$ cat work-v4.pdb   # PDB, C-alpha atoms
MODEL        1
ATOM      1  CA  MET M 790      57.795  67.351 -48.797
ATOM      2  CA  SER M 791      61.163  66.516 -47.447
ATOM      3  CA  PRO M 792      62.152  67.568 -43.899
ATOM      4  CA  GLU M 793      64.863  69.821 -45.352
ATOM      5  CA  ARG M 794      62.337  71.767 -47.392
ATOM      6  CA  ASP M 795      60.029  72.232 -44.386
ATOM      7  CA  GLN M 796      62.854  73.839 -42.426
ATOM      8  CA  GLU M 797      63.529  76.418 -45.149
ATOM      9  CA  PHE M 798      60.150  78.098 -44.724
ATOM     10  CA  ARG M 799      59.222  79.923 -41.568
ATOM     11  CA  PRO M 800      55.688  80.890 -40.646
ATOM     12  CA  VAL M 801      55.144  84.639 -40.740
ATOM     13  CA  ASN M 802      52.455  86.590 -38.953
ATOM     14  CA  GLN M 803      50.878  88.658 -41.742
ATOM     15  CA  ILE M 804      49.425  91.202 -39.317
ATOM     16  CA  LEU M 805      52.887  92.418 -38.316
ATOM     17  CA  GLY M 806      53.672  95.786 -39.869
ATOM     18  CA  SER M 807      50.116  96.439 -41.041
ATOM     19  CA  GLN M 808      48.056  99.445 -40.011
ATOM     20  CA  PRO M 809      45.099  98.834 -37.673
ATOM     21  CA  SER M 810      41.700  99.408 -39.239
ATOM     22  CA  LEU M 811      37.992  98.879 -38.786
ATOM     23  CA  GLY M 812      37.140  97.288 -42.093
ATOM     24  CA  PRO M 813      38.094  99.705 -44.864
ATOM     25  CA  ILE M 814      38.451 102.645 -42.428
ATOM     26  CA  PRO M 815      41.993 103.202 -41.106
ATOM     27  CA  ALA M 816      42.068 103.522 -37.318
ATOM     28  CA  ASP M 817      44.013 106.794 -37.353
ATOM     29  CA  GLN M 818      41.202 108.418 -39.382
ATOM     30  CA  ILE M 819      38.328 107.668 -36.985
ATOM     31  CA  PHE M 820      38.797 110.565 -34.540
ATOM     32  CA  PRO M 821      39.311 113.265 -37.224
ATOM     33  CA  TRP M 822      36.288 111.953 -39.126
ATOM     34  CA  LEU M 823      34.145 112.170 -35.982
ATOM     35  CA  VAL M 824      35.272 115.780 -35.518
ATOM     36  CA  ILE M 825      34.415 116.534 -39.170
ATOM     37  CA  ILE M 826      30.964 114.946 -38.743
ATOM     38  CA  LEU M 827      30.222 116.930 -35.567
ATOM     39  CA  VAL M 828      31.458 120.241 -36.999
ATOM     40  CA  SER M 829      29.442 119.697 -40.187
ATOM     41  CA  TYR M 830      26.331 118.901 -38.194
ATOM     42  CA  PHE M 831      26.662 121.990 -35.996
ATOM     43  CA  VAL M 832      27.482 124.294 -38.909
ATOM     44  CA  ILE M 833      24.608 123.158 -41.137
ATOM     45  CA  ASN M 834      21.923 122.472 -38.511
ATOM     46  CA  GLY M 835      22.983 125.080 -35.954
ATOM     47  CA  ILE M 836      24.256 128.107 -37.842
ATOM     48  CA  PHE M 837      22.587 127.725 -41.263
ATOM     49  CA  GLY M 838      19.603 125.636 -40.122
ATOM     50  CA  GLY M 839      17.091 128.425 -40.653
ATOM     51  CA  LEU M 840      18.007 128.795 -44.328
ATOM     52  CA  PHE M 841      16.592 125.405 -45.329
ATOM     53  CA  ALA M 842      12.908 124.795 -45.971
ATOM     54  CA  ASP M 843      12.724 121.230 -44.657
ATOM     55  CA  ASP M 844      14.733 118.551 -42.859
ATOM     56  CA  PHE M 845      15.632 116.740 -46.070
ATOM     57  CA  GLN M 846      17.597 119.720 -47.394
ATOM     58  CA  ARG M 847      19.330 120.166 -44.045
ATOM     59  CA  TRP M 848      20.443 116.539 -43.905
ATOM     60  CA  LEU M 849      21.391 116.518 -47.589
ATOM     61  CA  TRP M 850      23.743 119.472 -47.106
ATOM     62  CA  THR M 851      25.071 117.953 -43.894
ATOM     63  CA  ALA M 852      25.869 114.701 -45.730
ATOM     64  CA  LEU M 853      27.510 116.593 -48.615
ATOM     65  CA  MET M 854      29.667 118.628 -46.228
ATOM     66  CA  VAL M 855      30.619 115.504 -44.265
ATOM     67  CA  GLY M 856      31.537 113.663 -47.471
ATOM     68  CA  TRP M 857      33.619 116.581 -48.729
ATOM     69  CA  GLY M 858      35.402 116.981 -45.383
ATOM     70  CA  ILE M 859      36.174 113.300 -44.959
ATOM     71  CA  ALA M 860      37.379 112.916 -48.550
ATOM     72  CA  THR M 861      39.644 115.946 -48.225
ATOM     73  CA  TRP M 862      41.048 114.757 -44.898
ATOM     74  CA  TRP M 863      41.654 111.244 -46.225
ATOM     75  CA  ILE M 864      43.436 112.524 -49.333
ATOM     76  CA  LEU M 865      45.673 114.825 -47.309
ATOM     77  CA  THR M 866      46.561 112.491 -44.437
ATOM     78  CA  GLY M 867      45.704 108.962 -45.577
ATOM     79  CA  GLY M 868      48.092 106.202 -46.526
ATOM     80  CA  ARG M 869      50.360 107.059 -49.447
ATOM     81  CA  SER M 870      49.146 110.652 -49.470
ATOM     82  CA  TRP M 871      52.515 111.630 -50.910
ATOM     83  CA  GLN M 872      51.457 110.096 -54.238
ATOM     84  CA  PHE M 873      48.735 112.703 -54.573
ATOM     85  CA  LEU M 874      50.386 115.647 -52.842
ATOM     86  CA  SER M 875      53.759 115.294 -54.576
ATOM     87  CA  LYS M 876      52.098 116.375 -57.818
ATOM     88  CA  PHE M 877      51.717 119.905 -56.452
ATOM     89  CA  ILE M 878      55.255 120.459 -55.174
ATOM     90  CA  GLY M 879      57.329 122.429 -57.616
ATOM     91  CA  VAL M 880      60.839 121.119 -57.978
ATOM     92  CA  PRO M 881      63.340 123.978 -57.940
ATOM     93  CA  THR M 882      65.532 124.443 -60.955
ATOM     94  CA  TRP M 883      69.005 125.410 -59.852
ATOM     95  CA  THR M 884      71.062 127.261 -62.390
ATOM     96  CA  ARG M 885      74.192 129.287 -62.103
ATOM     97  CA  GLY M 886      74.529 132.223 -64.372
ATOM     98  CA  PHE M 887      76.322 135.509 -64.529
ATOM     99  CA  ALA M 888      74.773 138.504 -66.186
ATOM    100  CA  ARG M 889      76.553 141.760 -66.795
ATOM    101  CA  TYR M 890      74.752 144.790 -65.454
ATOM    102  CA  GLN M 891      73.256 146.997 -68.123
ATOM    103  CA  SER M 892      71.915 150.360 -67.123
ATOM    104  CA  LEU M 893      68.543 151.428 -68.430
ATOM    105  CA  LEU M 894      69.922 154.931 -68.780
ATOM    106  CA  ALA M 895      72.438 155.932 -71.419
ATOM    107  CA  ILE M 896      75.033 156.714 -68.739
ATOM    108  CA  ASN M 897      77.907 154.274 -68.392
ATOM    109  CA  HIS M 898      78.267 154.067 -64.611
ATOM    110  CA  GLU M 899      81.046 151.475 -64.739
ATOM    111  CA  ALA M 900      83.393 153.802 -66.597
ATOM    112  CA  LYS M 901      82.676 156.610 -64.123
ATOM    113  CA  ASN M 902      83.283 154.309 -61.158
ATOM    114  CA  ARG M 903      86.589 153.115 -62.601
ATOM    115  CA  LYS M 904      87.797 156.679 -63.084
ATOM    116  CA  THR M 905      86.863 157.776 -59.572
ATOM    117  CA  LYS M 906      88.467 154.689 -57.993
ATOM    118  CA  HIS M 907      91.727 155.258 -59.876
ATOM    119  CA  GLN M 908      91.779 158.942 -58.967
ATOM    120  CA  ARG M 909      91.238 158.220 -55.273
ATOM    121  CA  ARG M 910      94.028 155.655 -55.191
ATOM    122  CA  ARG M 911      96.500 157.975 -56.894
ATOM    123  CA  SER M 912      95.711 160.916 -54.666
ATOM    124  CA  ARG M 913      96.260 158.941 -51.452
ATOM    125  CA  LYS M 914      99.821 157.945 -52.379
TER     126      LYS M 914
ENDMDL
END
$ encode --input "work-v4.pdb" --output "structure tokens"
Amino acid sequence: MSPERDQEFRPVNQILGSQPSLGPIPADQIFPWLVIILVSYFVINGIFGGLFADDFQRWLWTALMVGWGIATWWILTGGRSWQFLSKFIGVPTWTRGFARYQSLLAINHEAKNRKTKHQRRRSRK
């Protein structure tokens, strides 16, 4: 390569601007996931522990609750969560319209109001 071409390219640090992570797990998810794991453990083994016949069922339900909690948390707060959550936001439809009032009764209130307004104005003069 020519010296001119070498000067056109600059080395770039690819880590700049990226989110820290531990393998596939984003670093900002670690603390909430630990809280979800601990809460799931205490709910299943502490509160509902007596409902299960053996340890396998207890740990199975703990793992299912942990998986559900982590998946929900990751969908709601993970990277590009707006792609999933924006599907549920209803976009308002703005319209401008004018509708004339129609009484449900057979009485024409507008005609009565016009008559009383005209009578009041004439009597004041």
$ resolve_selection --input "work-v4.pdb" --expression "the PyMOL selection byres ((chain M and resi 814-818) around 9)" --output "PyMOL selection string"
chain M and resi 808-813+819-823+859+862-863+866-868
$ write_last_selection --input "work-v4.pdb" --atoms "C-alpha atoms" --output "PDB file, in the coordinates of the input"
ATOM      1  CA  GLN M 808      48.056  99.445 -40.011  1.00  0.00           C
ATOM      2  CA  PRO M 809      45.099  98.834 -37.673  1.00  0.00           C
ATOM      3  CA  SER M 810      41.700  99.408 -39.239  1.00  0.00           C
ATOM      4  CA  LEU M 811      37.992  98.879 -38.786  1.00  0.00           C
ATOM      5  CA  GLY M 812      37.140  97.288 -42.093  1.00  0.00           C
ATOM      6  CA  PRO M 813      38.094  99.705 -44.864  1.00  0.00           C
ATOM      7  CA  ILE M 819      38.328 107.668 -36.985  1.00  0.00           C
ATOM      8  CA  PHE M 820      38.797 110.565 -34.540  1.00  0.00           C
ATOM      9  CA  PRO M 821      39.311 113.265 -37.224  1.00  0.00           C
ATOM     10  CA  TRP M 822      36.288 111.953 -39.126  1.00  0.00           C
ATOM     11  CA  LEU M 823      34.145 112.170 -35.982  1.00  0.00           C
ATOM     12  CA  ILE M 859      36.174 113.300 -44.959  1.00  0.00           C
ATOM     13  CA  TRP M 862      41.048 114.757 -44.898  1.00  0.00           C
ATOM     14  CA  TRP M 863      41.654 111.244 -46.225  1.00  0.00           C
ATOM     15  CA  THR M 866      46.561 112.491 -44.437  1.00  0.00           C
ATOM     16  CA  GLY M 867      45.704 108.962 -45.577  1.00  0.00           C
ATOM     17  CA  GLY M 868      48.092 106.202 -46.526  1.00  0.00           C
TER      18      GLY M 868
END
$ closest_residue --input "work-v4.pdb" --among "M:Gln872, M:Thr884, M:Ser829, M:Asn802" --to "Val855 (chain M)" --atoms "only C-alpha atoms"
M:Ser829
$ closest_residue --input "work-v4.pdb" --among "M:Leu893, M:Trp883, M:Thr851, M:Val824" --to "Ile836 (chain M)" --atoms "only C-alpha atoms"
M:Thr851
$ atom_distance --input "work-v4.pdb" --atom1 "CA of Ile878 (chain M)" --atom2 "CA of Gly856 (chain M)"
25.8 Å
$ atom_distance --input "work-v4.pdb" --atom1 "CA of Phe831 (chain M)" --atom2 "CA of Trp848 (chain M)"
11.4 Å
